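Visitor: One structure, pasted below without further comment.
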Amino acid sequence: MPGDSVSYLVFDVEAVADGDLIARVRYPAEELSPAEATARYRAELLEKTGRDVLPPTFVLPVSVAVAKIGPDFRMIDLAVLDEPEYRPPAIVQGFWQGWRHYGRPALVTFNGRGYDLPVLELAAYRYGISLPDWFNVDARTYEQFRNRYNTEAHIDLMDLFTNFGATRFTGGLNLLANLIGKPGKTGIDGSQVQGMYEAGRTQEINDYCRCDVLDTYFVFLRSRVLLGKLSLDEEQAIVAETKTWLESQAPDRPAYAHYLQHWGDWQPPV
């Protein structure tokens with residue numbers, strides 16, 4: 001893909017339970033194994049909330065996919081970190097080092113403020129990684145990278161579409177992707193990651209993470225049309241270029257072949 005100046009990092013995180021931490025913090029007197037503690041906590045969450053997705057405080061990142069995006073909104077590359085070992089400490093170190101290496105570009109996520117970034121921040125705390133440039137708490141409020149309204153540091157597309165939480169957004173990234181003809185969820189969602197990890201299907205998790213980043217990227221492009229940063233014709237040209245790139249990569253990347261199988265070309269209204 002053209003260009004090498006990185007202005008945005010579109011990323012997604014997949015995480016699994018830290019069963020040992022769950023056992024020590026939630027059930028300290030019961031001598032549960034990590035697997036038993038995880039199963040019990042998920043059952044409790046399911047009964048209480050109807051979902052068994054663990055909160056960011058009790059998980060470890062096992063997949064982070066990152067797309068490098070140029071100032072013209074074209075994709076430069078898309079990679080998963082620490083492939084093929086997928087070690088949480090190396091993933092976390094690599095993410096923050098990459099952010100620095102490319103000059104602290106704006107991060108782009110869907111609900112990253114509520115999940116992905118808390119996972120990576122807490123992991124940095126766990127592993128003793130210093131992040132004074134991200135936690136620039138002594139800067140003026142609007143210049144702090146973690147300020148929720150500082151879109152030069154982080155564009156959370158969920159914040160954009162909910163007016164920073166003023167409204168609910170039913171359907172999530174899957175809905176936004178489908179509105180513009182992109183695959184969205186195609187048989188796997190985040191609730192299945194724990195079981196896939198326990199079955200040793202780490203490569204499939206990372207393939208799924210790649211596809212989520214692609215959906216996020218295409219939603220990001222359309223959001224730039226909404227904000228007047230791109231014309232519709234420019235966006236459609238970039239989408240076509242990206243599809244050609246995916247087709248060139250698909251023979252070596254099954255995730256891209258799967259994504260293309262579910263591809264839908266957006267058609268403007270008559």
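Each chain in the structure tokens gets a letter, A, B and so on, in the order shown; residues start at 1 in every chain, and ligands are counted from 1 in the order they appear.
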Excluding segment 40-56 of chain A and residues on its chain fewer than 4 positions from it, collect all residues at most 8 Å away from it, counting only C-alpha atoms, and give them as a PyMOL selection string.
Guide: chain A and resi 17+22+36+115-116+118-119+190-191
Visitor: So which one's closest to Ser130 of chain A, A:Tyr27, A:Val108, A:Leu160, A:Gln97? Using only C-alpha atoms, please.
Guide: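 For Ser130 of chain A, the nearest of the given residues is A:Gln97.
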Visitor: Can you list, as an NGL selection string, every protein, DNA or RNA residue that comes within 12 Å of Leu107 of chain A when you count only C-alpha atoms, leaving out same-chain residues fewer than 5 positions away?
Guide: :A and (6-12 or 66-69 or 95-96 or 98-100 or 102 or 112-113 or 116-117 or 134 or 145-146 or 150-157 or 216-217 or 220)
Visitor: When DSSP works through the backbone of this structure, what residues of segment 10-236 of chain A end up as strand (DSSP E), shown as a VMD selection string?
Guide: chain A and resid 10 to 17 59 to 69 75 to 80 106 to 109 154 to 156
Visitor: Would you mind listing what lies within 9 Å of segment 70-85 of chain A as a VMD selection string, with only C-alpha atoms counted and same-chain residues fewer than 6 positions away left out?
Guide: chain A and resid 1 to 8 10 63 to 64 91 to 92 94 to 95 202 to 203 206 to 207 209 to 210 213 to 214 217 221 224 230 235 238 to 239 241 to 242
Visitor: Choose the residue, out of A:Tyr86, A:Asn174, A:Ala257, A:Ala65, that has the smallest atom-to-atom separation from Gly200 of chain A; count only C-alpha atoms.
Guide: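 For Gly200 of chain A, the nearest of the candidates is A:Tyr86.
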Visitor: In Å, rounded to a single decimal, give me how far atom CA of His258 of chain A is from atom CA of Lys185 of chain A.
Guide: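 Between atom CA of Lys185 of chain A and atom CA of His258 of chain A the gap works out to 11.4 Å.
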Visitor: Suppose you want the space between atom CA of His101 of chain A and atom CA of Ala237 of chain A; what is it in Å?
Guide: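 These atoms are spaced 28.9 Å apart.
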Visitor: Counting only C-alpha atoms, figure out which residue out of A:Val219, A:Ala37, A:Tyr259, A:Gly114 gets nearest to Thr186 of chain A.
Guide: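 Using only C-alpha atoms, the shortest distance to Thr186 of chain A belongs to A:Tyr259.
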Visitor: Separation of atom CA of Glu247 of chain A and atom CA of Ile188 of chain A, in Å?
Guide: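 Atom CA of Glu247 of chain A sits 21.8 Å away from atom CA of Ile188 of chain A.
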Visitor: Within 10 Å of Leu260 of chain A, counting only C-alpha atoms, which residues show up once you throw out same-chain ones fewer than 4 positions away? Write them as a list in words, please.
Guide: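 Near Leu260 of chain A, the qualifying residues are Lys182, Pro183, Lys243, Leu246, Glu247, Ala250, Pro254, Ala255, Tyr256 and Gly264 of chain A.
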Visitor: If you keep all heavy atoms, can you produce a file of those selected residues as a PDB file, in the first residue's frame?
Guide:
ATOM      1  N   LYS A 182     -19.765  -4.346   4.680  1.00  0.00           N
ATOM      2  CA  LYS A 182     -18.597  -5.107   5.117  1.00  0.00           C
ATOM      3  C   LYS A 182     -19.041  -6.267   6.009  1.00  0.00           C
ATOM      4  O   LYS A 182     -20.140  -6.267   6.551  1.00  0.00           O
ATOM      5  CB  LYS A 182     -17.609  -4.187   5.819  1.00  0.00           C
ATOM      6  CG  LYS A 182     -17.084  -3.084   4.902  1.00  0.00           C
ATOM      7  CD  LYS A 182     -16.486  -3.658   3.629  1.00  0.00           C
ATOM      8  CE  LYS A 182     -16.175  -2.605   2.576  1.00  0.00           C
ATOM      9  NZ  LYS A 182     -17.379  -2.116   1.879  1.00  0.00           N
ATOM     10  N   PRO A 183     -18.191  -7.281   6.167  1.00  0.00           N
ATOM     11  CA  PRO A 183     -18.658  -8.550   6.748  1.00  0.00           C
ATOM     12  C   PRO A 183     -19.230  -8.473   8.158  1.00  0.00           C
ATOM     13  O   PRO A 183     -20.205  -9.147   8.474  1.00  0.00           O
ATOM     14  CB  PRO A 183     -17.398  -9.424   6.713  1.00  0.00           C
ATOM     15  CG  PRO A 183     -16.618  -8.896   5.563  1.00  0.00           C
ATOM     16  CD  PRO A 183     -16.839  -7.409   5.601  1.00  0.00           C
ATOM     17  N   LYS A 243      -9.309  -3.358  -0.991  1.00  0.00           N
ATOM     18  CA  LYS A 243      -9.780  -4.674  -1.427  1.00  0.00           C
ATOM     19  C   LYS A 243      -8.749  -5.340  -2.331  1.00  0.00           C
ATOM     20  O   LYS A 243      -8.470  -6.546  -2.186  1.00  0.00           O
ATOM     21  CB  LYS A 243     -11.111  -4.539  -2.157  1.00  0.00           C
ATOM     22  CG  LYS A 243     -11.704  -5.901  -2.555  1.00  0.00           C
ATOM     23  CD  LYS A 243     -13.034  -5.744  -3.286  1.00  0.00           C
ATOM     24  CE  LYS A 243     -13.610  -7.119  -3.635  1.00  0.00           C
ATOM     25  NZ  LYS A 243     -14.875  -7.002  -4.409  1.00  0.00           N
ATOM     26  N   LEU A 246      -6.025  -6.649  -0.127  1.00  0.00           N
ATOM     27  CA  LEU A 246      -6.454  -7.868   0.562  1.00  0.00           C
ATOM     28  C   LEU A 246      -6.399  -9.072  -0.376  1.00  0.00           C
ATOM     29  O   LEU A 246      -5.983 -10.168   0.020  1.00  0.00           O
ATOM     30  CB  LEU A 246      -7.865  -7.690   1.125  1.00  0.00           C
ATOM     31  CG  LEU A 246      -8.028  -6.724   2.303  1.00  0.00           C
ATOM     32  CD1 LEU A 246      -9.495  -6.484   2.591  1.00  0.00           C
ATOM     33  CD2 LEU A 246      -7.314  -7.257   3.536  1.00  0.00           C
ATOM     34  N   GLU A 247      -6.820  -8.871  -1.609  1.00  0.00           N
ATOM     35  CA  GLU A 247      -6.784  -9.961  -2.591  1.00  0.00           C
ATOM     36  C   GLU A 247      -5.354 -10.422  -2.852  1.00  0.00           C
ATOM     37  O   GLU A 247      -5.103 -11.619  -3.019  1.00  0.00           O
ATOM     38  CB  GLU A 247      -7.436  -9.501  -3.893  1.00  0.00           C
ATOM     39  CG  GLU A 247      -8.952  -9.338  -3.770  1.00  0.00           C
ATOM     40  CD  GLU A 247      -9.562  -8.625  -4.962  1.00  0.00           C
ATOM     41  OE1 GLU A 247      -8.833  -7.934  -5.702  1.00  0.00           O
ATOM     42  OE2 GLU A 247     -10.802  -8.755  -5.144  1.00  0.00           O
ATOM     43  N   ALA A 250      -4.371 -12.473   0.325  1.00  0.00           N
ATOM     44  CA  ALA A 250      -5.226 -13.595   0.712  1.00  0.00           C
ATOM     45  C   ALA A 250      -4.592 -14.971   0.548  1.00  0.00           C
ATOM     46  O   ALA A 250      -4.837 -15.856   1.388  1.00  0.00           O
ATOM     47  CB  ALA A 250      -6.544 -13.531  -0.056  1.00  0.00           C
ATOM     48  N   PRO A 254      -5.230 -16.639   5.418  1.00  0.00           N
ATOM     49  CA  PRO A 254      -6.600 -17.162   5.357  1.00  0.00           C
ATOM     50  C   PRO A 254      -7.636 -16.191   5.916  1.00  0.00           C
ATOM     51  O   PRO A 254      -8.789 -16.190   5.456  1.00  0.00           O
ATOM     52  CB  PRO A 254      -6.517 -18.436   6.205  1.00  0.00           C
ATOM     53  CG  PRO A 254      -5.077 -18.856   6.143  1.00  0.00           C
ATOM     54  CD  PRO A 254      -4.295 -17.580   6.070  1.00  0.00           C
ATOM     55  N   ALA A 255      -7.244 -15.363   6.866  1.00  0.00           N
ATOM     56  CA  ALA A 255      -8.201 -14.402   7.436  1.00  0.00           C
ATOM     57  C   ALA A 255      -8.716 -13.453   6.369  1.00  0.00           C
ATOM     58  O   ALA A 255      -9.911 -13.103   6.349  1.00  0.00           O
ATOM     59  CB  ALA A 255      -7.535 -13.610   8.565  1.00  0.00           C
ATOM     60  N   TYR A 256      -7.838 -13.040   5.457  1.00  0.00           N
ATOM     61  CA  TYR A 256      -8.261 -12.115   4.412  1.00  0.00           C
ATOM     62  C   TYR A 256      -9.128 -12.811   3.374  1.00  0.00           C
ATOM     63  O   TYR A 256     -10.077 -12.214   2.847  1.00  0.00           O
ATOM     64  CB  TYR A 256      -7.044 -11.477   3.752  1.00  0.00           C
ATOM     65  CG  TYR A 256      -6.190 -10.670   4.697  1.00  0.00           C
ATOM     66  CD1 TYR A 256      -4.847 -10.424   4.415  1.00  0.00           C
ATOM     67  CD2 TYR A 256      -6.707 -10.155   5.883  1.00  0.00           C
ATOM     68  CE1 TYR A 256      -4.055  -9.684   5.275  1.00  0.00           C
ATOM     69  CE2 TYR A 256      -5.925  -9.427   6.755  1.00  0.00           C
ATOM     70  CZ  TYR A 256      -4.584  -9.194   6.447  1.00  0.00           C
ATOM     71  OH  TYR A 256      -3.806  -8.467   7.307  1.00  0.00           O
ATOM     72  N   GLY A 264     -19.156  -7.265   0.834  1.00  0.00           N
ATOM     73  CA  GLY A 264     -20.281  -6.722   0.095  1.00  0.00           C
ATOM     74  C   GLY A 264     -19.968  -5.308  -0.354  1.00  0.00           C
ATOM     75  O   GLY A 264     -19.474  -4.490   0.429  1.00  0.00           O
TER      76      GLY A 264
END
Visitor: Any idea what's packed within 7 Å of Val62 of chain A, counting only C-alpha atoms, ignoring anything in its chain fewer than 5 positions away? Could you give it as a PDB file with all heavy atoms, in the first residue's frame?
Guide:
ATOM      1  N   GLU A  14      -8.003  -8.825  21.722  1.00  0.00           N
ATOM      2  CA  GLU A  14      -8.730  -9.993  22.229  1.00  0.00           C
ATOM      3  C   GLU A  14      -8.003 -10.480  23.477  1.00  0.00           C
ATOM      4  O   GLU A  14      -6.765 -10.529  23.498  1.00  0.00           O
ATOM      5  CB  GLU A  14      -8.801 -11.103  21.185  1.00  0.00           C
ATOM      6  CG  GLU A  14      -9.507 -10.712  19.897  1.00  0.00           C
ATOM      7  CD  GLU A  14     -10.936 -10.258  20.094  1.00  0.00           C
ATOM      8  OE1 GLU A  14     -11.569 -10.711  21.074  1.00  0.00           O
ATOM      9  OE2 GLU A  14     -11.423  -9.446  19.287  1.00  0.00           O
ATOM     10  N   ALA A  15      -8.773 -10.817  24.501  1.00  0.00           N
ATOM     11  CA  ALA A  15      -8.175 -11.165  25.786  1.00  0.00           C
ATOM     12  C   ALA A  15      -8.851 -12.395  26.379  1.00  0.00           C
ATOM     13  O   ALA A  15      -9.982 -12.729  26.029  1.00  0.00           O
ATOM     14  CB  ALA A  15      -8.280  -9.980  26.752  1.00  0.00           C
ATOM     15  N   VAL A  16      -8.129 -13.043  27.278  1.00  0.00           N
ATOM     16  CA  VAL A  16      -8.653 -14.238  27.957  1.00  0.00           C
ATOM     17  C   VAL A  16      -8.468 -14.083  29.459  1.00  0.00           C
ATOM     18  O   VAL A  16      -7.712 -13.232  29.935  1.00  0.00           O
ATOM     19  CB  VAL A  16      -7.950 -15.522  27.468  1.00  0.00           C
ATOM     20  CG1 VAL A  16      -8.208 -15.742  25.989  1.00  0.00           C
ATOM     21  CG2 VAL A  16      -6.458 -15.480  27.760  1.00  0.00           C
ATOM     22  N   TYR A  86       2.491 -15.003  20.366  1.00  0.00           N
ATOM     23  CA  TYR A  86       1.351 -14.331  20.998  1.00  0.00           C
ATOM     24  C   TYR A  86       1.468 -14.315  22.528  1.00  0.00           C
ATOM     25  O   TYR A  86       0.550 -14.671  23.249  1.00  0.00           O
ATOM     26  CB  TYR A  86       0.035 -14.986  20.574  1.00  0.00           C
ATOM     27  CG  TYR A  86      -0.112 -15.154  19.084  1.00  0.00           C
ATOM     28  CD1 TYR A  86      -0.299 -16.411  18.524  1.00  0.00           C
ATOM     29  CD2 TYR A  86      -0.055 -14.053  18.228  1.00  0.00           C
ATOM     30  CE1 TYR A  86      -0.426 -16.571  17.158  1.00  0.00           C
ATOM     31  CE2 TYR A  86      -0.178 -14.213  16.860  1.00  0.00           C
ATOM     32  CZ  TYR A  86      -0.373 -15.474  16.331  1.00  0.00           C
ATOM     33  OH  TYR A  86      -0.498 -15.630  14.971  1.00  0.00           O
ATOM     34  N   ARG A  87       2.630 -13.872  23.018  1.00  0.00           N
ATOM     35  CA  ARG A  87       2.876 -13.801  24.462  1.00  0.00           C
ATOM     36  C   ARG A  87       2.381 -12.461  24.994  1.00  0.00           C
ATOM     37  O   ARG A  87       2.766 -11.405  24.470  1.00  0.00           O
ATOM     38  CB  ARG A  87       4.367 -13.955  24.735  1.00  0.00           C
ATOM     39  CG  ARG A  87       4.954 -15.280  24.282  1.00  0.00           C
ATOM     40  CD  ARG A  87       6.458 -15.207  24.162  1.00  0.00           C
ATOM     41  NE  ARG A  87       6.858 -14.245  23.128  1.00  0.00           N
ATOM     42  CZ  ARG A  87       8.127 -13.953  22.818  1.00  0.00           C
ATOM     43  NH1 ARG A  87       9.121 -14.531  23.481  1.00  0.00           N
ATOM     44  NH2 ARG A  87       8.406 -13.081  21.879  1.00  0.00           N
ATOM     45  N   PRO A  88       1.545 -12.455  26.029  1.00  0.00           N
ATOM     46  CA  PRO A  88       1.000 -11.188  26.528  1.00  0.00           C
ATOM     47  C   PRO A  88       2.043 -10.113  26.837  1.00  0.00           C
ATOM     48  O   PRO A  88       1.859  -8.962  26.395  1.00  0.00           O
ATOM     49  CB  PRO A  88       0.211 -11.615  27.775  1.00  0.00           C
ATOM     50  CG  PRO A  88      -0.258 -12.999  27.424  1.00  0.00           C
ATOM     51  CD  PRO A  88       0.906 -13.627  26.684  1.00  0.00           C
TER      52      PRO A  88
END
